[in-house]
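Report on the structure given below.
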Amino acid sequence: MFVINEDNSHFFATRKPSQMTREALLAFVDQYANSAVTHLFLCPNAMRASFRSRTREAIWDVTGKETMPGANDPRGRWPHNARLLHERGLDPYAVWIDRCREKGLSPWLSMRMNDIHGVNELDSFMHSSFWRSHPEYWRVPSGSAAPWQNRALNYAEPEVRKYEMAFVRELLERYNPDGIELDWMRFGWHFPPGKARENARFLTEFVREARRLTETWGRKRGHRIALGVRVPAHPDAARGLGMDAVEWVREGLVDLIVPCPFWTTSDFDIPVELWKERLAKLSAAEHVRVAPGLEFNARPWPGAAAVANTLGSVAGFAAAAWHRGADGIYLFNWMDSGTRPVASSVYRTLIERGVARAVVEHAPRRVPVCFRDTVPPNFPNNVRLPVDAVQGGEFRIYFGPKPTAGKAWIIAGLSGRNGVEKARFQAAINGRTAAPAPDLDSCAGIGGGARRAVRFECPPSAFRDGYNTVSLRQETNSVPPQRIVWVELRTGP
C-alpha cells in the first residue's frame, strides 16, 4: 500500500486556467498509472469545498464578508480554477475517481475534519460561514488565534457534529470511492483544552455514524466502501486527544489507521509495533491496516528551522516502518508540484521506484532525530535537541533493518557559535567508536539552522536491527562550547 494524498487546493493552485479541462484532470491521475503508487487519497475540502457542495460553501463563493485573494496572490488560482471547472460542467473528484479505477489505482476521498488554515484572518475566503458565525462553537469560544488551535471547532457541540456529518453524507451520496478517510489530523485538536479524554465518546459516535453510512452506500454501490482515519502517531497520544482509534477498531468501525504527525515535523519514530500489538488483541482487527504517514519536512525540535525531506528520508522512514510491521506507507504533502519537497525528476523516481521493503532497505537511507508534534498535555513529545555539545548526548534512532554493506555515518549539525569550524567531536554507535570523516560539503538538508555538519563513519557491523544508540560529545579544548542542533544516521554508496 503506497498512498499519495492530494490536498484540497494543490491541483487548482498549480495549474493554469487553460488547464481546467477534462484532459488535464485525466493527466493528473495518469502520472501515477503504471507506477508503484497504489492509492490516491483525494481531499475535497477544508472549511469549504473545492466543488459545488450543497452542505457548505464552495471555495469560490463570496457572501459579502470574504476577503478574496488579489489577482497577484498565488492563492487566487485556487478559487478561480475550481469555479472554472464547475462552470464547464466538470467535477474533478468524480473524474478522478473514475480515472483511478480505469488505471488500476484505488480512489479514496480524504475529508479534513477540522481545518483551521488562516483563522488569524477572520474574513479569509477560506472560512465557512458556519465557522465564522459561530465563535461559541470554537474550541476556545471566541478565543484568540494564538495558537490557531483555539479556533478549531469543538466536536462536543451537537451542531458541529451535525454540520460535519452532513458533508460525510454528501460525499458518499455524490461520489463512488473505494474508501473515505476522516482526517482528524487537520488539525488534530477537537475539544476544549483539558476536555479531550472525557469527550472522546463524541468522536467515537461520529465514526460510528460514518461507518453506518459507508456500509449503506457500499450496498447501494455494489462494493465495500472502507473507512480510514488519520490520527496522532502514538496510540496513547491519539486516545488522550479524543481520537481513540484502537477503540474504533474494537467496535469494527475502521479499516485503515494512519498514525502520523500534524505538519510541523515528520516523526521518524512512529511505534507501528505498538499499534499492531494493541490491535492484535481485537477480533475486529483482522483486516485493519496500519500505514504510517510521512510529512513534507523534518524539524529537530519545536520552533527549530525545518528542512524538506528527501528520497533518502523516505527510504529511511519506510524501511523502519516495514521493519516495525507496517501495512503501507502514506505520504502527505508529497504532491506533484508546488509543495513537493523534492525536484520533479526525483519525485518521478519516487513514484516509479516506490517504497516497497525490497526497494528501501537497499537504498540510501536517512533517519534524523525529530520529535512528536501532536500529543496531549504531559505526554512525552520526544524532544531531544538541541544539546550542549560539551555535555554531549545519547540519541536512540530506529533505523529498521541494520545495513549489511556500503557505508554508514553519524551526522551532527552544529549551530554557528564562535569557533564552530575548529571544534572536534567524539562519536559512537551502540558503544563502538565511530571514526571522524570529512565534514559534509554543505549544510543543505540539515535542519536546526546548522552552520557545520560533522560526520563519523560507522562500520555496518556496529548497527543493530531496530533501535541504535548514537553518542556525541565535543572534545574538551580551547574552542568555546558548541551546540548540537541536528543528529541523523545515514547510509549510502
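Starting from 1 in every chain, residues are counted up; chains themselves are A, B, ... following the order of the C-alpha cells, and ligands are numbered from 1 as listed.
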
Practice prompt. Select from stretch 214-430 of chain A everything DSSP, run on the backbone, classes as strand (DSSP E or B), then give the selection as a VMD selection string.
Written response: chain A and resid 226 to 232 256 to 260 289 to 290 293 to 294 297 to 298 307 to 308 329 to 331 366 to 368 387 to 388 393 to 398 407 to 414 425 to 429

Emit the selected residues as a short mmCIF file (atom, residue, chain, number, x, y, z; two decimals), in the first residue's frame, including C-alpha atoms.
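As written to disk, out_12.cif reads:
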```cif
data_model
loop_
_atom_site.label_atom_id
_atom_site.label_comp_id
_atom_site.auth_asym_id
_atom_site.auth_seq_id
_atom_site.Cartn_x
_atom_site.Cartn_y
_atom_site.Cartn_z
CA ALA A 226 -13.79 1.29 3.54
CA LEU A 227 -13.35 3.82 6.33
CA GLY A 228 -9.94 5.17 7.36
CA VAL A 229 -8.67 7.65 9.93
CA ARG A 230 -5.58 9.83 10.28
CA VAL A 231 -4.65 10.14 13.95
CA PRO A 232 -1.63 11.07 16.13
CA LEU A 256 -7.25 1.81 7.99
CA ILE A 257 -5.26 3.73 10.59
CA VAL A 258 -2.70 6.31 9.51
CA PRO A 259 -0.61 7.28 12.56
CA CYS A 260 1.21 10.47 11.70
CA ARG A 289 -4.20 -1.93 8.02
CA VAL A 290 -1.73 0.46 9.66
CA GLY A 293 2.44 8.83 7.38
CA LEU A 294 5.47 10.91 6.41
CA ASN A 297 9.51 18.48 6.32
CA ALA A 298 11.71 17.48 9.24
CA VAL A 307 14.31 21.18 6.12
CA ALA A 308 12.47 19.40 3.36
CA ILE A 329 3.35 3.90 3.56
CA TYR A 330 1.40 7.16 3.33
CA LEU A 331 2.90 10.42 2.02
CA ARG A 366 18.39 8.89 6.27
CA VAL A 367 16.83 8.81 9.73
CA PRO A 368 17.08 12.10 11.66
CA VAL A 387 22.03 19.85 23.35
CA ASP A 388 25.16 21.40 24.79
CA GLY A 393 24.07 13.39 24.48
CA GLU A 394 22.74 9.98 23.54
CA PHE A 395 20.09 9.52 20.87
CA ARG A 396 18.06 6.39 20.21
CA ILE A 397 17.31 6.14 16.49
CA TYR A 398 15.11 3.42 14.99
CA LYS A 407 28.91 2.95 4.14
CA ALA A 408 27.12 4.40 7.14
CA TRP A 409 27.55 7.65 9.00
CA ILE A 410 26.56 9.57 12.07
CA ILE A 411 25.97 13.19 11.08
CA ALA A 412 25.70 16.02 13.57
CA GLY A 413 24.67 19.57 12.70
CA LEU A 414 26.21 22.39 14.74
CA PHE A 425 33.97 15.69 18.48
CA GLN A 426 33.83 12.07 19.56
CA ALA A 427 31.04 9.78 18.41
CA ALA A 428 29.96 6.19 18.92
CA ILE A 429 27.16 3.89 17.84
#
```

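Across stretch 291-403 of chain A, DSSP run on the backbone finds alpha helix (DSSP H) at Leu311, Gly312, Ser313, Val314, Ala315, Gly316, Phe317, Ala318, Ala319, Ala320, Ala321, Trp322, His323, Ser344, Ser345, Val346, Tyr347, Arg348, Thr349, Leu350, Ile351, Glu352, Arg353, Arg357, Ala358, Val359 and Val360 of chain A.
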
Review point. Using only C-alpha atoms, which of A:Lys65, A:Arg174, A:Arg112, A:Arg22 sits nearest A:Asn8?
Key: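 For A:Asn8, the nearest of the given residues is A:Arg112.
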
Residue with the minimum atom-to-atom distance to A:Arg56, picked from A:Cys458, A:Pro135, A:Asp441, A:Val168 with only C-alpha atoms counted, is A:Val168

Judged by only C-alpha atoms, the minimum distance to A:Gly325 among A:Ala280, A:Met243, A:Ala306, A:Val346 is found for A:Ala280

If we count only C-alpha atoms and set the cut-off at 12 Å, which residues sit around A:Pro147, ignoring sequence neighbours fewer than 5 positions away in its own chain? Please answer as a list in words.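 The residues satisfying every condition are Ile116, His117, Gly118, Val119, Asn120, Arg139, Val140, Ala152, Phe187, Trp189 and Pro193 of chain A.
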
**OP:** Do a neighbour search on A:Ile180 at 8 Å with only C-alpha atoms, toss out local chain neighbours closer than 3 positions, and write the hits as a list in words.
**Re:**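 Near A:Ile180, the qualifying residues are Trp108, Leu109, Ser110, Met111, Pro177, Thr214, Ile225, Ala226, Leu227 and Gly228 of chain A.
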
Residues from the last selection, N, CA and C atoms, saved as a short mmCIF file (atom, residue, chain, number, x, y, z; two decimals), in the first residue's frame:
```
data_model
loop_
_atom_site.label_atom_id
_atom_site.label_comp_id
_atom_site.auth_asym_id
_atom_site.auth_seq_id
_atom_site.Cartn_x
_atom_site.Cartn_y
_atom_site.Cartn_z
N TRP A 108 -9.74 7.07 -3.01
CA TRP A 108 -10.37 7.38 -1.74
C TRP A 108 -10.64 8.89 -1.68
N LEU A 109 -11.59 9.27 -0.86
CA LEU A 109 -11.79 10.67 -0.51
C LEU A 109 -11.29 10.88 0.91
N SER A 110 -10.54 11.97 1.11
CA SER A 110 -9.99 12.28 2.42
C SER A 110 -10.59 13.59 2.91
N MET A 111 -11.44 13.50 3.91
CA MET A 111 -12.15 14.67 4.43
C MET A 111 -11.40 15.27 5.61
N PRO A 177 -16.28 6.32 -4.10
CA PRO A 177 -14.88 5.97 -3.83
C PRO A 177 -14.75 4.56 -3.30
N THR A 214 -21.02 4.40 5.32
CA THR A 214 -20.21 3.69 4.33
C THR A 214 -20.81 2.32 4.04
N ILE A 225 -17.21 0.01 0.81
CA ILE A 225 -16.56 1.31 0.95
C ILE A 225 -15.88 1.32 2.32
N ALA A 226 -14.57 1.37 2.31
CA ALA A 226 -13.79 1.29 3.54
C ALA A 226 -13.81 2.64 4.26
N LEU A 227 -13.45 2.61 5.53
CA LEU A 227 -13.35 3.82 6.33
C LEU A 227 -11.97 3.87 6.97
N GLY A 228 -11.27 4.98 6.78
CA GLY A 228 -9.94 5.17 7.36
C GLY A 228 -9.89 6.40 8.23
#
```

Which residue, A:Arg340, A:Lys402, A:Arg224, A:Arg219, has the smallest gap to A:Glu6 when you use only C-alpha atoms?
->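 For A:Glu6, the nearest of the given residues is A:Arg340.
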
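Close contacts of A:Pro158, defined as residues with an atom at most 12 Å away when counting only C-alpha atoms, with chain neighbours fewer than 2 positions off set aside, comprise A:Tyr137, A:Leu153, A:Asn154, A:Tyr155, A:Ala156, A:Val160, A:Arg161, A:Lys162, A:Tyr163, A:Glu164, A:Met165, A:Asn199, A:Phe202, A:Leu203, A:Glu205, A:Phe206.
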
Non-local contacts of A:Val390 (8 Å; only C-alpha atoms; under 4 positions in same chain excluded) as a PyMOL selection string = chain A and resi 473-476+481-482

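Atom CA of A:Val420 sits 14.1 Å away from atom CA of A:Leu440.
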
The distance between atom CA of A:Thr374 and atom CA of A:Leu311 is 24.6 Å

Tell me which protein, DNA and RNA residues are within 7 Å of A:Asp373, counting only C-alpha atoms, leaving out same-chain ones fewer than 6 positions away, and put them as an NGL selection string. :A and (261-262 or 264-265 or 381)

Atoms kept (N, CA and C atoms) for selection, written as an mmCIF file, in the first residue's frame:
```
data_model
loop_
_atom_site.group_PDB
_atom_site.id
_atom_site.type_symbol
_atom_site.label_atom_id
_atom_site.label_comp_id
_atom_site.auth_asym_id
_atom_site.auth_seq_id
_atom_site.Cartn_x
_atom_site.Cartn_y
_atom_site.Cartn_z
ATOM 1 N N PRO A 261 2.307 12.607 12.147
ATOM 2 C CA PRO A 261 2.402 13.924 12.759
ATOM 3 C C PRO A 261 1.371 14.863 12.152
ATOM 4 N N PHE A 262 1.304 16.068 12.687
ATOM 5 C CA PHE A 262 0.421 17.080 12.102
ATOM 6 C C PHE A 262 1.057 17.685 10.849
ATOM 7 N N THR A 264 4.256 20.127 11.539
ATOM 8 C CA THR A 264 5.442 20.883 11.893
ATOM 9 C C THR A 264 6.727 20.083 11.733
ATOM 10 N N THR A 265 6.619 18.757 11.731
ATOM 11 C CA THR A 265 7.777 17.913 11.500
ATOM 12 C C THR A 265 7.295 16.554 11.011
ATOM 13 N N ASN A 381 6.913 14.295 24.211
ATOM 14 C CA ASN A 381 6.957 14.615 22.787
ATOM 15 C C ASN A 381 8.297 14.276 22.143
#
```

| So how many Å separate atom CA of A:His287 and atom CA of A:Tyr175, to one decimal? |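 Interatomic distance, atom CA of A:His287 to atom CA of A:Tyr175: 24.2 Å.
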